[in-house]
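A short worksheet on the structure shown next.
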There are 2 protein chains.
Amino acid sequence: MPTLHRWLPRLTILDWGREYDRGTLMSDLLAALIVTIMLIPQSLAYALLAGLPPEVGIYASIAPLIAYALFGTSRTLAVGPVAVASLMTAAAIGSVAASGTAQYWEAAIVLALLGGVMLIALGVLRLGFLANFLSHPVISGFISASGLLIAASQLKHLMGVKASGHQLPDLLASLWRAAPSTHWPTLAIGAGAVAFLWWVRKQFKPLLLGLGLPATAADAMAKAGPVAAIAVTTWLVWHWGLNDGGHGVHIVGAIPTGLPPLTLPSWNPGLWQQLAAPAFLIAAVGFVESVSVGQTLAAKRRQRIDPNQELVALGASNVAASFTGGFPVTGGFARSVVNFDAGARTPAAGMFTAVGLAGAALFLTPALYYLPQATLAATIVVAVLSLVDLDMLRRTWAYSRADFAAVASTLVATLLLGVETGLVIGVGVSLALYIYRTSVPHIATVGLVPHTEHFRNVLRHTVLTSPRLVSLRVDESLYFANARALEDCVNAAAAHPEVEHIVLQCSAVNLIDASALESLEAVHQRLQQAHIRLHLSEVKGPVMDRLKNTEFIQHLSGQVFLTHYQAIASLTPEVLQG
Amino acid sequence: MPTLHRWLPRLTILDWGREYDRGTLMSDLLAALIVTIMLIPQSLAYALLAGLPPEVGIYASIAPLIAYALFGTSRTLAVGPVAVASLMTAAAIGSVAASGTAQYWEAAIVLALLGGVMLIALGVLRLGFLANFLSHPVISGFISASGLLIAASQLKHLMGVKASGHQLPDLLASLWRAAPSTHWPTLAIGAGAVAFLWWVRKQFKPLLLGLGLPATAADAMAKAGPVAAIAVTTWLVWHWGLNDGGHGVHIVGAIPTGLPPLTLPSWNPGLWQQLAAPAFLIAAVGFVESVSVGQTLAAKRRQRIDPNQELVALGASNVAASFTGGFPVTGGFARSVVNFDAGARTPAAGMFTAVGLAGAALFLTPALYYLPQATLAATIVVAVLSLVDLDMLRRTWAYSRADFAAVASTLVATLLLGVETGLVIGVGVSLALYIYRTSVPHIATVGLVPHTEHFRNVLRHTVLTSPRLVSLRVDESLYFANARALEDCVNAAAAHPEVEHIVLQCSAVNLIDASALESLEAVHQRLQQAHIRLHLSEVKGPVMDRLKNTEFIQHLSGQVFLTHYQAIASLTPEVLQG
């Protein structure tokens, strides 16, 4: 295969399209139907969360699904607007335009385009590994904080008041000031919908199972909860005229009927520049979430996904969103699991879902005229509270203080300073902690484990040693940040008057950079003046390749041993006798 | 000793002061005399380089020396204005005030105070290790670039023109535009002084040695070169009236006679804020240079220096500078070596040097009235060109491409973007390269070296293996940036149908963070589905302490072996038979 091929994104539809048959079609159609019913309220709700007109949510759920089906490597990932990306979108474009204006929507379209182009570029350049820098603690802290922020941002819709803010303190302060003007009928609908949806999620399914229903039927009925809530509250508002000519319960109102419009992202360099950083962050978070959902589902069926091709597919989905009036999209966890559980076998299920949503955009929207915004807010609140996993703080604390620090700082920074700053701080903190940990290396004095050729820490194991020789195992790559720590440690070891040899066991040294080489030379020189010989053992291939041309190794007072055991056998054979 | 003591800086004069005797006094006095003669032209020149009046250079060489003598741990380090710090000072305060104004000097005083206070704070908090992040390649690239920048900045004095700029391109462009108005008598003096000083440095000493002079005498005469250049050119200007009432050769002119003034750094929060970042960078570079000079000299006499106490001592020196009309100071390489070679035994030599310079400030300055600025510029140019070590680029390239990238990017960024940006970019690049290297870990498949219990890379050594078992040695700590790489590698190893066991040899794994633990769990689950057991061997104490409470280790399908040899002996004993 010519190398150029490796650099070009594939049309993955050519892979799965060939084997497509009638059985697959029926599975995919059924899954598409279920996902469509689930997505109608969700897409409206996430558009509301992003501060956009409700129909934009539906637009963003059509073309992106088709684009993903053409390029994606996951068979079951469902792409569309998701909660966290919608919150980040609101935060990003809220700083360049006012919600409800044409500029606001325009900015959302540009945001999707920028994110999409960046994802495609990263995919073509095979830079998918960059997503690794969003470490697990950072992502989980960020998602939990986002869940809390999203829930808080929906309180205004549940209370029927006006409030604003992209950070928790000003959001809550704004709600507090608005609390006296709470609209009680709205609150009744909102709180009722939250309670109902919570009950469906937590207790309805066990109840149905207890009544003897099969698991799949119980599951389907539980998933229909939001649809029921929407039907009931819409009927209530219509029947009692609760919307009261604009002064009562806020309703979704007239949604334009029709297929997504063809939109050309506006060429506005100033705007592009302002939105570039948030677009990158939204794309990065979306990619990480999407790949982790895709990998989890693929593993269940022994399939694999290709992260770099996924970048291209997600990028194409976002570009598709930007040309059809949408906003940033990514692979969603809940909808993908529903798609998987409902039996979807290929991305064709996504295409059928797109057709279903196009049907909704054409025919269903008038029926949603009286849908209260409070009901949509309730579906968001109940959905996102499952993202909040504060127990993870306890678990991370138990495993490692450093990981806990990364989780906690991301969580707190996201709540207090907003999504973008929070994410950047999280990545910064986790990198700084890693660097800090490697800058204070663990250096163990080791001795021979009796009856083996293995060496272990003298403080943890009963081992054999000689006063004439100090074995130091350096538990870190040697580089500029910790070079001095090695110097201090060797100097301390050399202080004992009986010592004749110091052997550095380099089994954990994966790199010796120029600064560390300089330190080794300094150590070597000092030991030579004190008539102590310096030896190395178990130097790895890649490290030795580099060292062998240096003056340090050519003038080394001691030897380089293949194994530490050979070093001891040759320098202090009395140790082997026990 | 109560713990509080550890946190308080020491008055080190109490250590060496007790043993002070007549022999030490004579050695110190002689060294002080030689250093004083050397420092008079240097201090004037570095003040000029910093854009300050010449007497400020002398002021900055008096009180700081006394402060260092009270707190420093190096016996021979000589503190005062140095070339790189002076250049950085000019860049920093050039952006807040115009050279020659009272505000400019005031800003220099604030800069010294801020740097001093930061150094003391870092020392008291024992944060001296932060200096490690200025890696060897970054420092050497930065020093070479600074040397070139300094030489370029002095060309205007050698040509007798006006020019400005803190980056190489605008500096050279400015000189190019000014070239037609070159003042030829100035250029003659400047070029003559450069040629003379260069000859003294390169050929005069060998000549004297060839004539049979003792090495110390030859050395002393060579060191007197700048003094001779100053005497001759001053006489020339005076004798022929080359200064021409302000229109001819620029001279130093009237230097106020007297001891350093008592100055109170101005309390101006806006100015403090603007100067905080440059003050930190100047302090950090100064500290790194100073400590490396101090350590080199201390090692020669089997003495040690304490980096945290050095922070306090340098901080005190800068605070002393700021209260006596000075500017940022640090330990200088050349003057410290001269001090050491001249036989200085204690910091008292520095105190005597301070007295000598105070004498110069009181009585000598009128004699320097006709000293041409071009001569001072010549002494700077010749001194700093020895800092420029472009061969280091070649050496670093030979050792490691990554270190070369750090050197080269620091060098280029410093030349093109200025000292502050250059330094920050250098640190950023070296950290990014380290993170990048650890994010693509070297993972070797290993086998048993015959007749040992040692395992080595199958690609580099002749080793024994079994098709039923794959031994993977992970040559990197497992953390978020490389967690996915491990997954890919294990998945690839598991693809061979015969494989029953995968053993991860963890001798080089110094850390497993929460993200990597998650990856290990995913790998474990996938292997379990393929009926392959996962084992670990040689897990280090600190790593195992953390792992032992995790679900991963409690449900591990395989075992954790103390040594990799035991794993092979127990799982595939046929390998041991060869």
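If you're wondering about the labels, chains in the structure tokens are A, B, ... by order shown, residues count from 1 in each chain, ligands from 1 in order shown.
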- Item | Every residue of range 40-283 of chain B that DSSP places in alpha helix (DSSP H), as a ChimeraX atom specification | /B:40-49,54-59,63-71,83-94,102-124,136-159,168-178,184-199,205-210,215-223,225-240,269-283
Could you write out the selected residues, including C-alpha atoms, as a compact mmCIF listing (two decimals), in the first residue's frame?
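Saved file again01.txt follows:
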# COMPACT_ATOMS: atom_id res chain seq x y z
CA ILE B 40 36.37 49.08 38.32
CA PRO B 41 36.11 49.04 34.50
CA GLN B 42 33.65 46.11 34.59
CA SER B 43 31.17 47.84 36.86
CA LEU B 44 31.22 51.00 34.77
CA ALA B 45 30.77 48.93 31.60
CA TYR B 46 27.85 46.87 32.88
CA ALA B 47 26.07 50.00 34.12
CA LEU B 48 26.47 51.37 30.60
CA LEU B 49 25.08 48.10 29.20
CA PRO B 54 28.33 54.60 35.16
CA GLU B 55 28.57 55.26 38.91
CA VAL B 56 25.55 52.96 39.45
CA GLY B 57 27.78 50.05 38.42
CA ILE B 58 30.19 50.89 41.24
CA TYR B 59 27.35 51.35 43.74
CA ALA B 63 26.80 46.77 49.49
CA PRO B 64 25.87 43.49 47.67
CA LEU B 65 29.36 42.09 48.33
CA ILE B 66 28.95 42.78 52.05
CA ALA B 67 25.45 41.23 52.12
CA TYR B 68 26.73 38.12 50.35
CA ALA B 69 29.60 37.83 52.83
CA LEU B 70 27.07 37.73 55.69
CA PHE B 71 24.80 35.02 54.22
CA ALA B 83 26.66 41.02 31.60
CA VAL B 84 23.53 38.88 31.13
CA ALA B 85 21.66 40.36 34.11
CA SER B 86 22.55 43.87 32.89
CA LEU B 87 21.18 43.10 29.43
CA MET B 88 17.99 41.70 30.96
CA THR B 89 17.73 44.78 33.17
CA ALA B 90 17.97 47.04 30.14
CA ALA B 91 15.26 45.02 28.36
CA ALA B 92 12.98 45.07 31.40
CA ILE B 93 13.19 48.71 32.39
CA GLY B 94 13.53 49.92 28.81
CA ALA B 102 15.27 59.43 36.86
CA GLN B 103 12.37 56.99 36.31
CA TYR B 104 14.75 54.61 34.55
CA TRP B 105 17.14 54.44 37.49
CA GLU B 106 14.17 54.19 39.87
CA ALA B 107 12.87 51.19 37.91
CA ALA B 108 16.28 49.51 38.12
CA ILE B 109 16.21 49.93 41.90
CA VAL B 110 12.69 48.43 42.09
CA LEU B 111 13.80 45.56 39.86
CA ALA B 112 16.66 44.72 42.23
CA LEU B 113 14.33 44.88 45.23
CA LEU B 114 11.69 42.63 43.65
CA GLY B 115 14.25 40.07 42.51
CA GLY B 116 15.88 40.12 45.93
CA VAL B 117 12.64 39.63 47.81
CA MET B 118 11.65 36.77 45.49
CA LEU B 119 15.00 35.05 45.96
CA ILE B 120 14.77 35.33 49.74
CA ALA B 121 11.21 33.98 49.70
CA LEU B 122 12.22 31.01 47.52
CA GLY B 123 15.15 30.32 49.82
CA VAL B 124 13.09 30.45 53.02
CA HIS B 136 21.38 22.97 30.94
CA PRO B 137 20.47 23.29 27.22
CA VAL B 138 18.16 26.22 27.94
CA ILE B 139 20.78 28.04 29.99
CA SER B 140 23.54 27.48 27.48
CA GLY B 141 21.38 28.53 24.54
CA PHE B 142 20.24 31.55 26.47
CA ILE B 143 23.73 32.61 27.56
CA SER B 144 25.11 32.30 24.02
CA ALA B 145 22.25 34.29 22.58
CA SER B 146 22.63 36.91 25.30
CA GLY B 147 26.31 37.18 24.49
CA LEU B 148 25.49 37.88 20.85
CA LEU B 149 22.78 40.37 21.81
CA ILE B 150 25.12 42.16 24.19
CA ALA B 151 27.89 42.37 21.61
CA ALA B 152 25.39 43.74 19.07
CA SER B 153 24.07 46.26 21.58
CA GLN B 154 27.59 47.61 22.11
CA LEU B 155 28.26 48.20 18.45
CA LYS B 156 26.57 51.61 18.64
CA HIS B 157 29.11 52.73 21.24
CA LEU B 158 31.96 51.41 19.14
CA MET B 159 30.60 53.29 16.09
CA LEU B 168 18.66 41.19 17.18
CA PRO B 169 16.71 42.11 14.00
CA ASP B 170 15.63 45.59 15.10
CA LEU B 171 18.99 46.21 16.74
CA LEU B 172 20.84 45.38 13.52
CA ALA B 173 18.33 47.32 11.40
CA SER B 174 18.78 50.34 13.64
CA LEU B 175 22.58 50.06 13.39
CA TRP B 176 22.34 49.71 9.60
CA ARG B 177 20.33 52.92 9.33
CA ALA B 178 22.79 54.69 11.63
CA TRP B 184 35.36 57.64 12.77
CA PRO B 185 37.58 58.69 15.69
CA THR B 186 35.23 56.76 18.02
CA LEU B 187 35.34 53.72 15.78
CA ALA B 188 39.15 53.92 15.68
CA ILE B 189 39.34 53.95 19.49
CA GLY B 190 36.68 51.22 19.84
CA ALA B 191 38.08 48.90 17.19
CA GLY B 192 41.61 49.47 18.51
CA ALA B 193 40.52 48.62 22.04
CA VAL B 194 38.71 45.47 20.86
CA ALA B 195 41.74 44.35 18.89
CA PHE B 196 44.08 45.07 21.79
CA LEU B 197 41.90 43.28 24.38
CA TRP B 198 41.44 40.32 22.09
CA TRP B 199 45.18 40.09 21.54
CA LYS B 205 49.74 35.44 28.07
CA PRO B 206 51.33 32.70 25.92
CA LEU B 207 53.88 35.33 24.83
CA LEU B 208 54.74 36.21 28.43
CA LEU B 209 55.01 32.55 29.33
CA GLY B 210 57.24 32.06 26.33
CA ALA B 215 52.36 31.67 35.18
CA THR B 216 50.81 33.78 37.98
CA ALA B 217 52.61 36.92 36.89
CA ALA B 218 51.66 36.34 33.24
CA ASP B 219 48.08 35.81 34.31
CA ALA B 220 48.00 39.00 36.37
CA MET B 221 49.45 41.04 33.52
CA ALA B 222 46.91 39.61 31.07
CA LYS B 223 44.10 40.48 33.49
CA GLY B 225 44.60 44.45 29.88
CA PRO B 226 41.34 46.36 30.34
CA VAL B 227 43.02 48.74 32.81
CA ALA B 228 45.74 49.44 30.29
CA ALA B 229 43.20 50.00 27.51
CA ILE B 230 41.33 52.45 29.72
CA ALA B 231 44.46 54.33 30.72
CA VAL B 232 45.72 54.67 27.16
CA THR B 233 42.44 55.67 25.53
CA THR B 234 41.56 58.09 28.35
CA TRP B 235 44.93 59.74 27.91
CA LEU B 236 44.46 59.91 24.13
CA VAL B 237 41.10 61.63 24.41
CA TRP B 238 42.34 64.06 27.02
CA HIS B 239 45.57 64.82 25.21
CA TRP B 240 44.06 65.45 21.78
CA PRO B 269 2.12 49.17 42.55
CA GLY B 270 1.71 49.61 38.78
CA LEU B 271 5.48 49.61 38.28
CA TRP B 272 5.93 46.66 40.64
CA GLN B 273 3.39 44.68 38.68
CA GLN B 274 5.04 45.47 35.34
CA LEU B 275 8.46 44.50 36.65
CA ALA B 276 7.48 41.38 38.61
CA ALA B 277 7.86 38.89 35.74
CA PRO B 278 11.20 40.24 34.45
CA ALA B 279 12.47 40.48 38.04
CA PHE B 280 11.67 36.80 38.50
CA LEU B 281 13.43 35.81 35.29
CA ILE B 282 16.52 37.89 36.07
CA ALA B 283 16.63 36.43 39.58
- Item | Within 6 Å of chain B: residues of chain A, using only C-alpha atoms, as a list in words | Asn132, Phe133, Ser135, His136, Asp475, Phe480, Ala481, Ser507, Ala508, Asn510 and Ser515 of chain A
- Query: Nearest to Ala413 in chain B among B:Ala321, B:Val429, B:Leu368, B:Leu211, with distances taken over only C-alpha atoms: which residue is it?
  - Reply: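 Of B:Ala321, B:Val429, B:Leu368, B:Leu211, the one nearest Ala413 in chain B, counting only C-alpha atoms, is B:Val429.
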- Record the distance separating CA of Leu464 in chain B and CA of Phe561 in chain B, expressed in Å with one decimal.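 Spanning CA of Leu464 in chain B to CA of Phe561 in chain B is a straight-line distance of 18.9 Å.
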- Name the residues in contact with Leu536 in chain A at a cut-off of 8 Å, using only C-alpha atoms, excluding same-chain residues fewer than 4 positions from it; report them as a VMD selection string. chain A and resid 503 to 506 558 to 561
Could the residues in this selection be saved with C-alpha atoms as a PDB file, in the first residue's frame?
ATOM      1  CA  VAL A 503      26.861   1.107  41.273  1.00  0.00           C
ATOM      2  CA  LEU A 504      23.889   2.855  39.699  1.00  0.00           C
ATOM      3  CA  GLN A 505      21.287   0.278  38.693  1.00  0.00           C
ATOM      4  CA  CYS A 506      19.693   1.939  35.675  1.00  0.00           C
ATOM      5  CA  GLY A 558      34.280   1.831  36.768  1.00  0.00           C
ATOM      6  CA  GLN A 559      32.517  -0.528  34.362  1.00  0.00           C
ATOM      7  CA  VAL A 560      29.129  -0.874  32.699  1.00  0.00           C
ATOM      8  CA  PHE A 561      27.650  -4.243  33.689  1.00  0.00           C
TER       9      PHE A 561
END
- Task: Rank nothing, just name the residue among B:Ala50, B:Val252, B:Ile62, B:Val288 nearest to Ala354 in chain B, using only C-alpha atoms.
- Result: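 With only C-alpha atoms as the atom set, the closest residue is B:Ile62.
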- Task: Could you check how far CA of Val161 in chain A sits from CA of Ile251 in chain A, in Å to one decimal?
- Result: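 Separation of CA of Val161 in chain A and CA of Ile251 in chain A: 13.2 Å.
Take CA of Val355 in chain A and CA of Gln373 in chain A: the distance between them is 25.4 Å.
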- Task: Considering only C-alpha atoms, state which residue in the set A:Thr465, A:Gly80, A:Leu357, A:Thr36 is at the smallest distance from Gly331 in chain A.
- Result: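 Smallest separation from Gly331 in chain A among the options: A:Gly80.
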